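Student: If it helps, the file is called my_file.txt and holds compact mmCIF, C-alpha atoms:
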# COMPACT_ATOMS: atom_id res chain seq x y z
CA MET A 300 8.31 36.92 -5.31
CA THR A 301 4.82 37.04 -3.89
CA THR A 302 4.07 39.52 -1.16
CA GLU A 303 1.60 39.09 1.67
CA HIS A 304 -1.25 40.19 -0.63
CA ASN A 305 -0.04 38.67 -3.88
CA THR A 306 0.02 35.10 -5.03
CA HIS A 307 0.87 32.95 -8.03
CA PHE A 308 -1.42 32.39 -10.94
CA GLY A 309 0.71 30.07 -13.04
CA PHE A 310 3.95 31.97 -13.61
CA LYS A 311 2.20 35.32 -13.15
CA THR A 312 1.87 37.20 -9.88
CA VAL A 313 -1.62 38.44 -9.12
CA ALA A 314 -3.45 39.96 -6.15
CA GLU A 315 -4.75 37.28 -3.78
CA ASN A 316 -8.34 38.34 -4.22
CA GLU A 317 -8.04 37.96 -8.01
CA LYS A 318 -6.69 34.39 -8.08
CA ALA A 319 -9.97 32.66 -7.25
CA LYS A 320 -11.75 34.54 -10.04
CA LYS A 321 -9.01 33.78 -12.56
CA VAL A 322 -8.98 30.08 -11.61
CA ALA A 323 -12.77 30.07 -11.86
CA ASP A 324 -12.54 31.51 -15.39
CA VAL A 325 -10.13 28.73 -16.40
CA PHE A 326 -12.42 26.01 -15.14
CA HIS A 327 -15.60 27.59 -16.53
CA SER A 328 -13.80 27.51 -19.84
CA VAL A 329 -12.60 23.90 -19.70
CA ALA A 330 -15.53 22.30 -17.80
CA SER A 331 -17.36 20.81 -20.79
CA LYS A 332 -14.21 19.20 -22.23
CA TYR A 333 -12.46 18.55 -18.92
CA ASP A 334 -12.71 14.75 -19.00
CA LEU A 335 -11.73 14.45 -22.64
CA MET A 336 -8.71 16.65 -22.05
CA ASN A 337 -7.70 14.73 -18.92
CA ASP A 338 -7.77 11.49 -20.88
CA VAL A 339 -5.77 12.97 -23.75
CA MET A 340 -3.26 14.77 -21.53
CA SER A 341 -2.54 11.82 -19.25
CA ALA A 342 -3.10 9.06 -21.81
CA GLY A 343 -5.88 7.80 -19.54
CA MET A 344 -3.52 7.47 -16.59
CA HIS A 345 -5.55 9.86 -14.40
CA ARG A 346 -8.13 7.08 -14.02
CA GLY A 347 -5.45 4.73 -12.64
CA TRP A 348 -4.11 7.44 -10.28
CA LYS A 349 -7.62 8.04 -8.93
CA ARG A 350 -8.30 4.33 -8.49
CA PHE A 351 -5.02 3.98 -6.63
CA ALA A 352 -5.99 6.86 -4.32
CA VAL A 353 -9.28 5.11 -3.53
CA SER A 354 -7.52 1.78 -2.94
CA VAL A 355 -5.12 3.22 -0.33
CA SER A 356 -7.80 5.36 1.37
CA GLY A 357 -8.90 2.48 3.62
CA VAL A 358 -12.51 3.62 3.13
CA ASP A 359 -15.03 0.99 4.13
CA LYS A 360 -18.79 0.51 3.98
CA GLY A 361 -20.65 3.12 6.04
CA ASP A 362 -17.82 5.71 6.01
CA ARG A 363 -18.26 9.43 5.37
CA VAL A 364 -16.11 10.86 2.56
CA LEU A 365 -15.63 14.45 1.44
CA ASP A 366 -14.46 14.98 -2.14
CA ILE A 367 -13.04 18.51 -2.39
CA ALA A 368 -12.60 20.17 -5.79
CA GLY A 369 -14.24 17.00 -7.06
CA GLY A 370 -15.23 18.61 -10.33
CA SER A 371 -16.54 16.00 -12.69
CA GLY A 372 -17.07 13.49 -9.87
CA ASP A 373 -14.70 10.65 -10.86
CA LEU A 374 -13.64 10.07 -7.27
CA SER A 375 -17.07 10.59 -5.75
CA LYS A 376 -18.38 7.85 -8.01
CA LEU A 377 -15.66 5.41 -6.92
CA PHE A 378 -16.09 6.29 -3.25
CA ALA A 379 -19.89 6.00 -3.44
CA GLN A 380 -19.44 2.38 -4.56
CA LYS A 381 -17.06 1.77 -1.65
CA VAL A 382 -19.17 3.26 1.16
CA GLY A 383 -22.42 1.72 -0.03
CA PRO A 384 -25.90 3.00 0.78
CA GLU A 385 -25.17 3.22 4.52
CA GLY A 386 -22.22 5.58 3.92
CA GLN A 387 -22.08 9.17 2.68
CA VAL A 388 -20.05 10.90 -0.02
CA ILE A 389 -20.27 14.65 -0.54
CA LEU A 390 -18.99 16.17 -3.76
CA THR A 391 -17.82 19.78 -3.51
CA ASP A 392 -16.21 22.28 -5.85
CA ILE A 393 -15.82 26.04 -5.80
CA ASN A 394 -16.61 26.17 -9.50
CA ALA A 395 -20.29 25.92 -10.46
CA SER A 396 -19.59 24.77 -14.03
CA MET A 397 -17.38 21.88 -12.93
CA LEU A 398 -19.76 20.95 -10.11
CA GLY A 399 -22.67 20.91 -12.55
CA VAL A 400 -20.86 18.32 -14.68
CA GLY A 401 -20.20 16.17 -11.60
CA ARG A 402 -23.73 16.51 -10.20
CA ASP A 403 -25.26 15.44 -13.54
CA ARG A 404 -22.95 12.50 -13.77
CA MET A 405 -23.88 11.31 -10.27
CA LEU A 406 -27.57 11.60 -11.13
CA ASP A 407 -27.08 9.72 -14.41
CA ALA A 408 -25.28 6.95 -12.52
CA GLY A 409 -28.16 6.74 -10.02
CA LEU A 410 -25.89 7.66 -7.12
CA ASN A 411 -27.09 9.59 -4.11
CA VAL A 412 -24.16 12.01 -3.86
CA PRO A 413 -25.01 15.57 -2.79
CA ALA A 414 -23.12 18.22 -4.78
CA LEU A 415 -22.22 21.35 -2.85
CA GLN A 416 -20.55 24.52 -4.12
CA CYS A 417 -18.13 25.71 -1.45
CA ASP A 418 -14.69 27.14 -0.80
CA ALA A 419 -12.18 24.62 0.56
CA GLU A 420 -10.71 27.35 2.76
CA LYS A 421 -14.07 27.72 4.59
CA LEU A 422 -15.67 24.29 4.64
CA PRO A 423 -19.32 24.34 5.76
CA PHE A 424 -19.05 21.14 7.81
CA PRO A 425 -18.75 20.45 11.53
CA ASP A 426 -15.49 19.41 13.22
CA ASN A 427 -14.61 15.70 13.36
CA TYR A 428 -17.20 14.62 10.79
CA PHE A 429 -15.50 12.73 7.93
CA ASP A 430 -13.56 9.44 7.86
CA CYS A 431 -11.75 10.51 4.72
CA VAL A 432 -11.20 13.79 2.91
CA ILE A 433 -9.70 13.81 -0.57
CA VAL A 434 -8.62 16.60 -2.86
CA ALA A 435 -7.49 15.55 -6.32
CA PHE A 436 -5.87 18.00 -8.71
CA GLY A 437 -7.40 20.88 -6.79
CA LEU A 438 -4.98 22.00 -4.09
CA ARG A 439 -2.63 23.80 -6.48
CA ASN A 440 -5.47 26.12 -7.54
CA MET A 441 -6.23 27.20 -3.99
CA THR A 442 -5.02 30.63 -2.91
CA HIS A 443 -4.20 29.74 0.71
CA LYS A 444 -3.16 26.09 0.67
CA ASP A 445 -2.28 26.17 4.37
CA ARG A 446 -5.77 27.38 5.31
CA ALA A 447 -7.40 24.79 3.09
CA LEU A 448 -5.29 21.96 4.59
CA ALA A 449 -6.14 23.16 8.11
CA GLU A 450 -9.84 23.13 7.22
CA MET A 451 -9.58 19.60 5.84
CA GLN A 452 -7.86 18.52 9.04
CA ARG A 453 -10.62 20.18 11.10
CA VAL A 454 -13.49 18.28 9.47
CA LEU A 455 -11.71 14.91 9.79
CA LYS A 456 -12.56 12.57 12.66
CA THR A 457 -9.70 11.37 14.85
CA GLY A 458 -8.14 8.53 12.87
CA GLY A 459 -9.51 10.02 9.64
CA ARG A 460 -7.32 10.32 6.55
CA LEU A 461 -6.54 13.23 4.27
CA LEU A 462 -5.51 12.27 0.75
CA VAL A 463 -4.00 14.82 -1.61
CA LEU A 464 -3.57 13.71 -5.21
CA GLU A 465 -1.72 16.35 -7.16
CA PHE A 466 0.84 16.94 -9.89
CA SER A 467 4.29 17.01 -8.38
CA LYS A 468 8.01 17.05 -9.12
CA VAL A 469 8.88 14.56 -11.82
CA TRP A 470 11.93 12.27 -11.64
CA GLN A 471 14.93 14.42 -12.65
CA PRO A 472 16.04 12.48 -15.80
CA LEU A 473 12.55 12.94 -17.27
CA SER A 474 12.18 16.62 -16.40
CA LYS A 475 13.29 18.01 -19.79
CA ALA A 476 10.95 15.77 -21.74
CA TYR A 477 8.17 16.59 -19.29
CA ASP A 478 8.80 20.34 -19.68
CA ALA A 479 8.65 20.04 -23.46
CA TYR A 480 5.39 18.11 -23.18
CA SER A 481 3.84 20.58 -20.70
CA PHE A 482 4.78 23.83 -22.36
CA LYS A 483 4.68 22.89 -26.05
CA LEU A 484 2.32 19.96 -26.51
CA LEU A 485 -0.21 20.63 -23.74
CA PRO A 486 -1.26 24.14 -24.90
CA LEU A 487 -1.39 22.83 -28.47
CA MET A 488 -3.72 19.99 -27.45
CA GLY A 489 -5.81 22.51 -25.48
CA LYS A 490 -6.07 24.65 -28.59
CA LEU A 491 -7.04 21.78 -30.87
CA LEU A 492 -9.39 19.88 -28.57
CA ALA A 493 -10.85 22.49 -26.23
CA LYS A 494 -10.18 25.59 -28.34
CA ASP A 495 -8.50 27.12 -25.28
CA ALA A 496 -4.69 27.15 -25.32
CA GLU A 497 -4.46 29.79 -22.58
CA SER A 498 -6.23 27.71 -19.93
CA TYR A 499 -3.99 24.74 -20.60
CA GLN A 500 -0.93 26.98 -20.49
CA TYR A 501 -2.10 27.96 -16.99
CA LEU A 502 -2.50 24.28 -16.04
CA ALA A 503 1.11 23.58 -17.05
CA GLU A 504 2.41 26.65 -15.21
CA SER A 505 0.38 25.95 -12.07
CA ILE A 506 1.86 22.43 -11.91
CA ARG A 507 5.38 23.91 -11.85
CA MET A 508 4.47 26.39 -9.11
CA HIS A 509 2.95 23.72 -6.89
CA PRO A 510 5.04 22.52 -3.89
CA ASP A 511 7.11 19.39 -4.44
CA GLN A 512 6.57 16.11 -2.55
CA GLU A 513 8.60 16.95 0.56
CA THR A 514 7.29 20.53 0.83
CA LEU A 515 3.68 19.38 0.63
CA LYS A 516 4.39 16.67 3.19
CA GLN A 517 5.70 19.35 5.58
CA MET A 518 2.67 21.54 4.87
CA MET A 519 0.39 18.65 5.86
CA VAL A 520 2.38 18.11 9.06
CA ASP A 521 2.09 21.86 9.78
CA ALA A 522 -1.68 21.59 9.28
CA GLY A 523 -1.79 19.09 12.15
CA LEU A 524 -1.70 15.78 10.29
CA SER A 525 0.55 12.96 11.38
CA LYS A 526 2.19 9.89 9.84
CA VAL A 527 2.25 11.75 6.53
CA ASP A 528 3.60 9.64 3.69
CA TYR A 529 3.49 9.96 -0.08
CA TYR A 530 3.52 7.79 -3.20
CA ASN A 531 5.20 8.92 -6.39
CA LEU A 532 3.04 7.84 -9.30
CA SER A 533 4.28 7.71 -12.90
CA ALA A 534 7.81 8.74 -11.88
CA GLY A 535 6.59 11.65 -9.77
CA VAL A 536 4.39 13.28 -12.42
CA VAL A 537 1.76 12.89 -9.75
CA ALA A 538 2.12 12.29 -6.00
CA LEU A 539 -0.45 10.97 -3.59
CA HIS A 540 0.01 12.24 -0.03
CA LYS A 541 -1.76 10.57 2.87
CA GLY A 542 -1.89 11.87 6.43
CA TYR A 543 -3.84 10.98 9.56
CA LYS A 544 -5.63 13.12 12.11
CA THR A 545 -4.58 11.90 15.53
CA MET B 1 1.99 1.10 -12.13
CA PHE B 2 3.78 -1.48 -9.95
CA LYS B 3 2.35 0.02 -6.76
CA GLY B 4 -1.16 0.09 -8.17
CA LEU B 5 -0.99 -3.46 -9.51
CA THR B 6 0.52 -4.94 -6.33
CA THR B 7 -1.99 -3.12 -4.13
CA HIS B 8 -4.83 -4.30 -6.36
CA LEU B 9 -3.63 -7.93 -6.22
CA LEU B 10 -3.20 -7.83 -2.42
CA GLN B 11 -6.63 -6.32 -1.92
CA HIS B 12 -8.19 -8.81 -4.31
CA LEU B 13 -6.69 -11.73 -2.37
CA LEU B 14 -7.79 -10.24 0.96
CA ALA B 15 -11.30 -9.71 -0.37
CA GLN B 16 -11.39 -13.45 -1.18
CA ASN B 17 -10.20 -14.21 2.37
CA ALA B 18 -12.69 -12.17 4.38
CA TRP B 19 -11.51 -13.70 7.70
CA ALA B 20 -8.23 -11.73 7.41
CA ALA B 21 -9.62 -8.18 7.70
CA PRO B 22 -10.71 -8.39 11.38
CA LEU B 23 -7.29 -9.85 12.18
CA LEU B 24 -5.45 -6.92 10.57
CA GLN B 25 -7.83 -4.07 11.45
CA PRO B 26 -6.44 -3.49 14.99
CA PHE B 27 -3.10 -2.61 13.32
CA ALA B 28 -4.55 -0.01 10.92
CA GLY B 29 -2.02 2.61 9.90
CA LYS B 30 0.96 0.43 10.82
CA SER B 31 3.42 -0.93 8.31
CA VAL B 32 5.68 -3.93 7.90
CA GLN B 33 8.81 -4.27 5.81
CA ILE B 34 9.34 -7.73 4.32
CA MET B 35 12.93 -8.46 3.33
CA ILE B 36 13.91 -11.40 1.17
CA PRO B 37 17.42 -10.19 0.29
CA PRO B 38 18.02 -8.45 -2.08
CA ILE B 39 14.30 -7.70 -2.45
CA LYS B 40 12.39 -5.65 0.11
CA ALA B 41 8.85 -4.31 0.16
CA SER B 42 6.84 -2.42 2.75
CA LEU B 43 3.15 -3.02 3.25
CA VAL B 44 0.78 -0.79 5.16
CA ILE B 45 -2.39 -1.97 6.87
CA LEU B 46 -5.41 0.10 5.93
CA GLU B 47 -8.32 1.13 8.11
CA ASN B 48 -10.65 -1.40 6.46
CA GLY B 49 -8.23 -4.24 7.30
CA SER B 50 -6.87 -4.40 3.77
CA LEU B 51 -3.26 -4.02 2.63
CA ALA B 52 -1.45 -1.62 0.33
CA ILE B 53 2.12 -0.96 -0.69
CA ALA B 54 3.61 1.67 1.66
CA GLY B 55 4.69 5.11 0.44
CA GLU B 56 8.17 6.45 -0.29
CA THR B 57 8.89 7.85 3.18
CA ASN B 58 7.27 5.16 5.28
CA ILE B 59 9.03 4.05 8.47
CA PRO B 60 8.06 0.43 9.16
CA ASP B 61 6.75 -0.60 12.59
CA ALA B 62 8.01 -4.15 12.10
CA ARG B 63 10.52 -5.98 9.90
CA ILE B 64 10.32 -9.59 8.71
CA THR B 65 13.56 -10.96 7.26
CA ILE B 66 13.41 -14.23 5.35
CA PRO B 67 16.72 -15.66 4.07
CA PRO B 68 16.22 -16.80 0.44
CA SER B 69 17.34 -20.32 1.41
CA LEU B 70 14.23 -20.64 3.63
CA LEU B 71 11.72 -19.75 0.94
CA LEU B 72 11.21 -23.26 -0.46
CA ARG B 73 10.99 -24.76 3.01
CA LEU B 74 8.40 -22.16 4.03
CA LEU B 75 6.39 -22.88 0.90
CA ALA B 76 6.53 -26.58 1.80
CA LYS B 77 5.12 -25.61 5.24
CA ASP B 78 8.22 -26.71 7.14
CA GLU B 79 7.52 -25.72 10.77
CA ALA B 80 11.24 -25.67 11.65
CA ALA B 81 11.86 -23.11 8.88
CA LYS B 82 9.34 -20.71 10.45
CA LEU B 83 11.52 -20.49 13.56
CA GLN B 84 14.39 -19.16 11.46
CA VAL B 85 12.41 -16.18 10.12
CA LYS B 86 13.72 -13.03 11.83
CA VAL B 87 11.17 -10.55 13.20
CA ASP B 88 12.10 -7.09 14.57
CA GLY B 89 9.91 -4.32 15.98
CA ASP B 90 6.20 -4.84 16.69
CA THR B 91 6.11 -8.64 16.86
CA HIS B 92 2.32 -8.80 17.35
CA LEU B 93 1.86 -6.97 14.08
CA ALA B 94 4.39 -9.14 12.23
CA THR B 95 2.83 -12.31 13.63
CA ALA B 96 -0.67 -11.26 12.55
CA LEU B 97 0.56 -10.49 9.05
CA ALA B 98 2.53 -13.74 8.83
CA LYS B 99 -0.59 -15.65 9.93
CA VAL B 100 -2.63 -13.97 7.20
CA PHE B 101 -0.08 -14.81 4.51
CA ALA B 102 0.28 -18.40 5.76
CA HIS B 103 -3.45 -19.11 5.55
CA MET B 104 -4.43 -16.94 2.59
CA ARG B 105 -5.75 -18.90 -0.40
CA TRP B 106 -6.26 -17.71 -3.96
CA ASP B 107 -9.70 -18.73 -5.20
CA TYR B 108 -8.60 -18.92 -8.83
CA GLU B 109 -11.76 -20.76 -9.84
CA ASP B 110 -13.87 -17.77 -8.79
CA ASP B 111 -11.66 -15.40 -10.82
CA LEU B 112 -11.67 -17.70 -13.81
CA SER B 113 -15.45 -18.06 -13.72
CA ARG B 114 -15.83 -14.31 -14.33
CA VAL B 115 -13.89 -14.67 -17.58
CA ILE B 116 -14.97 -18.04 -19.00
CA GLY B 117 -18.10 -18.88 -17.01
CA ASP B 118 -18.87 -21.14 -14.05
CA VAL B 119 -18.88 -24.58 -15.70
CA PRO B 120 -15.59 -24.32 -17.64
CA ALA B 121 -13.95 -22.71 -14.58
CA ASP B 122 -15.13 -25.62 -12.40
CA LYS B 123 -13.81 -28.15 -14.95
CA ILE B 124 -10.43 -26.39 -15.16
CA GLY B 125 -10.32 -26.20 -11.35
CA SER B 126 -11.02 -29.96 -11.01
CA LEU B 127 -8.42 -30.82 -13.65
CA SER B 128 -5.82 -28.56 -11.98
CA ARG B 129 -6.49 -30.08 -8.56
CA HIS B 130 -6.28 -33.60 -10.05
CA ALA B 131 -3.04 -32.73 -11.88
CA ALA B 132 -1.54 -31.20 -8.72
CA ALA B 133 -2.51 -34.27 -6.67
CA THR B 134 -0.98 -36.58 -9.30
CA VAL B 135 2.25 -34.57 -9.41
CA LYS B 136 2.42 -34.58 -5.60
CA GLU B 137 1.75 -38.34 -5.40
CA THR B 138 4.31 -39.14 -8.11
CA ALA B 139 6.92 -36.96 -6.41
CA THR B 140 6.26 -38.64 -3.04
CA ASN B 141 6.47 -42.14 -4.61
CA LEU B 142 9.71 -41.26 -6.38
CA ALA B 143 11.22 -39.84 -3.19
CA ASP B 144 10.19 -42.97 -1.23
CA MET B 145 11.61 -45.24 -3.90
CA LEU B 146 14.95 -43.41 -4.03
CA SER B 147 15.22 -43.28 -0.27
CA GLU B 148 14.56 -47.03 -0.02
CA TYR B 149 17.16 -47.72 -2.71
CA TRP B 150 19.81 -45.59 -0.96
CA GLN B 151 19.01 -47.14 2.37
CA GLU B 152 18.70 -50.81 1.44
CA GLU B 153 20.30 -51.53 -1.94
CA LYS B 154 23.14 -49.03 -2.02
CA PRO B 155 23.35 -47.57 1.50
CA MET B 156 24.03 -43.86 1.29
CA LEU B 157 21.35 -42.71 3.71
CA ALA B 158 20.97 -43.82 7.31
CA LYS B 159 17.67 -45.30 8.45
CA LYS B 160 15.82 -43.46 11.17
CA ARG B 161 16.13 -46.29 13.72
CA HIS B 162 19.90 -46.57 13.03
CA VAL B 163 20.32 -42.83 13.60
CA GLU B 164 18.30 -43.07 16.82
CA GLN B 165 20.34 -46.08 18.01
CA PHE B 166 23.56 -44.21 17.20
CA ASN B 167 22.34 -41.17 19.14
CA THR B 168 21.47 -43.33 22.17
CA GLU B 169 24.91 -44.94 22.07
CA VAL B 170 26.57 -41.52 21.87
CA ASP B 171 24.53 -40.37 24.87
CA THR B 172 25.49 -43.48 26.84
CA LEU B 173 29.15 -43.03 25.93
CA ARG B 174 29.01 -39.36 26.98
CA ALA B 175 27.47 -40.28 30.33
CA ASP B 176 30.05 -43.06 30.89
CA ALA B 177 32.90 -40.68 30.02
CA GLU B 178 31.57 -38.07 32.45
CA ARG B 179 31.27 -40.67 35.21
CA LEU B 180 34.83 -41.85 34.51
CA GLU B 181 36.13 -38.29 34.59
CA LYS B 182 34.46 -37.73 37.96
CA ARG B 183 35.95 -40.93 39.38
CA ILE B 184 39.43 -39.97 38.17
CA SER B 185 39.18 -36.51 39.70
CA LYS B 186 37.91 -38.02 42.93
CA LEU B 187 40.90 -40.35 43.01
CA ILE B 188 43.31 -37.48 42.30
CA ARG B 189 41.72 -35.43 45.10
CA SER B 190 41.94 -38.29 47.61
CA LYS B 191 45.55 -38.92 46.60
CA ALA B 192 46.38 -35.24 47.07
CA ALA B 193 44.80 -35.32 50.56
CA LYS B 194 47.26 -38.12 51.65
CA PRO B 195 50.63 -36.97 50.15
CA ASP B 196 52.91 -39.03 52.47
CA SER B 197 51.18 -42.37 52.18
CA THR B 198 53.30 -43.59 49.24
CA ASN B 199 56.56 -41.94 50.41
CA SER B 200 56.40 -43.70 53.75
CA ILE B 201 56.45 -47.16 52.17
Could you rewrite the structure in this file as structure tokens?

Tutor:
Amino acid sequence: MTTEHNTHFGFKTVAENEKAKKVADVFHSVASKYDLMNDVMSAGMHRGWKRFAVSVSGVDKGDRVLDIAGGSGDLSKLFAQKVGPEGQVILTDINASMLGVGRDRMLDAGLNVPALQCDAEKLPFPDNYFDCVIVAFGLRNMTHKDRALAEMQRVLKTGGRLLVLEFSKVWQPLSKAYDAYSFKLLPLMGKLLAKDAESYQYLAESIRMHPDQETLKQMMVDAGLSKVDYYNLSAGVVALHKGYKT
Amino acid sequence: MFKGLTTHLLQHLLAQNAWAAPLLQPFAGKSVQIMIPPIKASLVILENGSLAIAGETNIPDARITIPPSLLLRLLAKDEAAKLQVKVDGDTHLATALAKVFAHMRWDYEDDLSRVIGDVPADKIGSLSRHAAATVKETATNLADMLSEYWQEEKPMLAKKRHVEQFNTEVDTLRADAERLEKRISKLIRSKAAKPDSTNSI
């Protein structure tokens, strides 16, 4: 059980003020091999999940998009193509190492996407500014998910959309196989490919501690979003939640 | 996988039919469930006027039910069949979506040209159109020939003018019967009004 001042860090319970630092250590450690590991771990499916998120975002030319915990910039790149030169995409991450990878990638692709290091629980943007806010595989690492969701809702314009792409609760018949994969194979792959089994053990544990589809839907409603709906992708391994600010 | 592929196909078709987005955009955020029993699928209209498959917990704003028996007639653009499609909920939304689907065209030549180049794609497109026109013409000729045979040589089908003549005769008969009924009732009423006239003879 977590108390008011404690929170989860994978299966461990840590003080709230320690979680951000521990998460930062994990991502500093995996940043350079993050993309390779994502491809190996998801058999390339993470690219399809991200493309699907962009396709249901309803983002059009000239829109403003905020990519939270955007890390290596996969989504920012896709959104930048969607909004065109008259639109605006801002890539943010709390972790400097991950953000550095994303910023370099945007520059290499010739895309004008500002990269900004910031905490999703205290977004440095005005109210009612963005048409779409997306957080992909980042919410589960946040200490106060409710505060972060409320901040995302705050910076959205009326009619704007919040998209949350995150690991979720897998379809029950597959849960045993998925557990075996997460807790046996995933740390082994982390050890072999990124020389960091511990960080990948945390990734597997943090996925299990993350709220399931219905709980996250309710959290988004509590944060002030309406018409919240979700898509189960790959049998619920990942869920994409979408809610509107009204 | 299915959701991603279907959404991609829908959005690709809508991108080829740019006139559809302004028609759908006023309904952004709304969803429609299309039922062709036993299959049903919900589509949601996006803010950019595009379409996507709806999520797991979506509550549709409109429902379009198409009995499977109507499908072929709808594909053949039978106007009478359209009247039998059942629409519940937001009818404006359902009508807009039905209009988009009715007029949407797949520009397969454009897609093909990206794979095999413009000239071969144009050739294949011309050949396909020619083949389709030939098939359509042959089918029409065959249908005309069979209908003539069953009407003239071995009458199994009624000719249009015979059906119309029959209908007119039925109408005339119905009108005559009604007039006769009225006259009979009038006679009965007048007879009832003078009950002693026969007894007194």

Student: Using all atoms listed in the file, find the one residue out of A:Gly370, A:Gly542, A:Gly361, A:Pro413 that sits nearest to Lys332 (chain A).

Tutor: A:Gly370

Student: Would you mind listing, as a PyMOL selection string, all residues of chain A that have at least one atom within 6 Å of chain B, where all atoms listed in the file are what counts?

Tutor: chain A and resi 351+357+359+528-530

Student: Ile64 (chain B): which residues within 8 Å, counting all atoms listed in the file, same-chain residues fewer than 6 positions away excluded, as a list in words?

Tutor: Val32, Gln33, Ile34, Met35, Val85, Lys86, Val87, Asp88 and Ala94 of chain B

Student: Any chance you could export the current selection's C-alpha atoms as a CSV table (one decimal), keeping the file's coordinate frame?

Tutor:
chain,number,residue,atom,x,y,z
B,32,VAL,CA,5.7,-3.9,7.9
B,33,GLN,CA,8.8,-4.3,5.8
B,34,ILE,CA,9.3,-7.7,4.3
B,35,MET,CA,12.9,-8.5,3.3
B,85,VAL,CA,12.4,-16.2,10.1
B,86,LYS,CA,13.7,-13.0,11.8
B,87,VAL,CA,11.2,-10.6,13.2
B,88,ASP,CA,12.1,-7.1,14.6
B,94,ALA,CA,4.4,-9.1,12.2

Student: What is the CA of Pro425 (chain A) to CA of Asp445 (chain A) distance in Å?

Tutor: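 Atom-to-atom, CA of Pro425 (chain A) and CA of Asp445 (chain A) are spaced 18.8 Å apart.
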
Student: Distance CA of Val355 (chain A)-CA of Ser42 (chain B), one decimal place?

Tutor: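 CA of Val355 (chain A) sits 13.6 Å away from CA of Ser42 (chain B).
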
Student: Please report the interatomic distance between CA of Ile66 (chain B) and CA of Arg129 (chain B) in Å with one decimal.

Tutor: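 Taking CA of Ile66 (chain B) as the start and CA of Arg129 (chain B) as the end point, the length is 29.0 Å.
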
Student: Please identify all polymer residues within 6 Å of Tyr543 (chain A), counting only C-alpha atoms, omitting same-chain residues fewer than 6 positions from it, and present them as a VMD selection string.

Tutor: chain A and resid 458 to 460 524 to 525

Student: Produce a file of the selected residues containing C-alpha atoms, as a tab-separated table (two decimals), in the frame of the given file.

Tutor:
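Result written to result-v4.tsv:
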chain	number	residue	atom	x	y	z
A	458	GLY	CA	-8.14	8.53	12.87
A	459	GLY	CA	-9.51	10.02	9.64
A	460	ARG	CA	-7.32	10.32	6.55
A	524	LEU	CA	-1.70	15.78	10.29
A	525	SER	CA	0.55	12.96	11.38

Student: I want to know what sits within 10 Å of Leu71 (chain B), based on all atoms listed in the file, with residues of the same chain fewer than 4 positions away left out; could you give that as a PyMOL selection string?

Tutor: chain B and resi 36+66-67+75-78+81-82+85

Student: List the spatial neighbours of Asp90 (chain B) as a PDB file with C-alpha atoms, keeping the file's coordinate frame - criterion: any atom at most 10 Å away, all atoms listed in the file, same-chain residues fewer than 5 positions off excluded.

Tutor:
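Final output, selection09.pdb:
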ATOM      1  CA  LYS B  30       0.960   0.430  10.820  1.00  0.00           C
ATOM      2  CA  SER B  31       3.420  -0.930   8.310  1.00  0.00           C
ATOM      3  CA  VAL B  32       5.680  -3.930   7.900  1.00  0.00           C
ATOM      4  CA  PRO B  60       8.060   0.430   9.160  1.00  0.00           C
ATOM      5  CA  ASP B  61       6.750  -0.600  12.590  1.00  0.00           C
ATOM      6  CA  ALA B  62       8.010  -4.150  12.100  1.00  0.00           C
ATOM      7  CA  ARG B  63      10.520  -5.980   9.900  1.00  0.00           C
ATOM      8  CA  THR B  95       2.830 -12.310  13.630  1.00  0.00           C
TER       9      THR B  95
END

Student: Quick one: residues within 10 Å of Glu513 (chain A), only C-alpha atoms counted, chain neighbours fewer than 2 positions away excluded, as a compact mmCIF listing (two decimals) with C-alpha atoms, keeping the file's coordinate frame?

Tutor:
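Saved the output as part-v6.txt:
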# COMPACT_ATOMS: atom_id res chain seq x y z
CA SER A 467 4.29 17.01 -8.38
CA LYS A 468 8.01 17.05 -9.12
CA PRO A 510 5.04 22.52 -3.89
CA ASP A 511 7.11 19.39 -4.44
CA LEU A 515 3.68 19.38 0.63
CA LYS A 516 4.39 16.67 3.19
CA GLN A 517 5.70 19.35 5.58
CA MET A 518 2.67 21.54 4.87
CA MET A 519 0.39 18.65 5.86
CA ASP A 528 3.60 9.64 3.69
CA TYR A 529 3.49 9.96 -0.08
CA HIS A 540 0.01 12.24 -0.03
CA THR B 57 8.89 7.85 3.18

Student: Show me as number ranges by chain the residues that reach within 12 Å of (-4.5, 8.1, -15.6), counting only C-alpha atoms and using the file's own coordinates.

Tutor: A: 334-352, 373, 464, 466, 532-533, 536-537; B: 1, 4

Student: Each side padded by 6 Å, which centre and which edge lengths in Å (one decimal) define the axis-aligned box around the listed atoms of region 66-72 of chain B? Give them as JSON.

Tutor:
{"center_x": 14.3, "center_y": -18.7, "center_z": 2.4, "size_x": 18.1, "size_y": 21.0, "size_z": 17.8}

Student: Which residue gives the smallest distance to Gly401 (chain A) among A:Gln387, A:Ser375, A:Ser474, A:Ser505, with only C-alpha atoms counted?

Tutor: A:Ser375

Student: Closest to Leu390 (chain A) among A:Val434, A:Asp362, A:Leu462, A:Asp407, using only C-alpha atoms?

Tutor: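 Comparing A:Val434, A:Asp362, A:Leu462, A:Asp407 against Leu390 (chain A), the winner is A:Val434.
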
Student: Rank A:Lys544, A:Leu473, A:Ser396, A:Arg446 by their smallest atom-to-atom distance to Asp426 (chain A), using only C-alpha atoms, and report the top residue only.

Tutor: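 Result for the nearest residue to Asp426 (chain A): A:Lys544.
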
Student: Of the candidates A:His443, A:Lys494, A:Lys541, A:Lys381, which shows the shortest atom-to-atom distance to Asn316 (chain A), using all atoms listed in the file?

Tutor: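 Among the listed residues, A:His443 lies closest to Asn316 (chain A).
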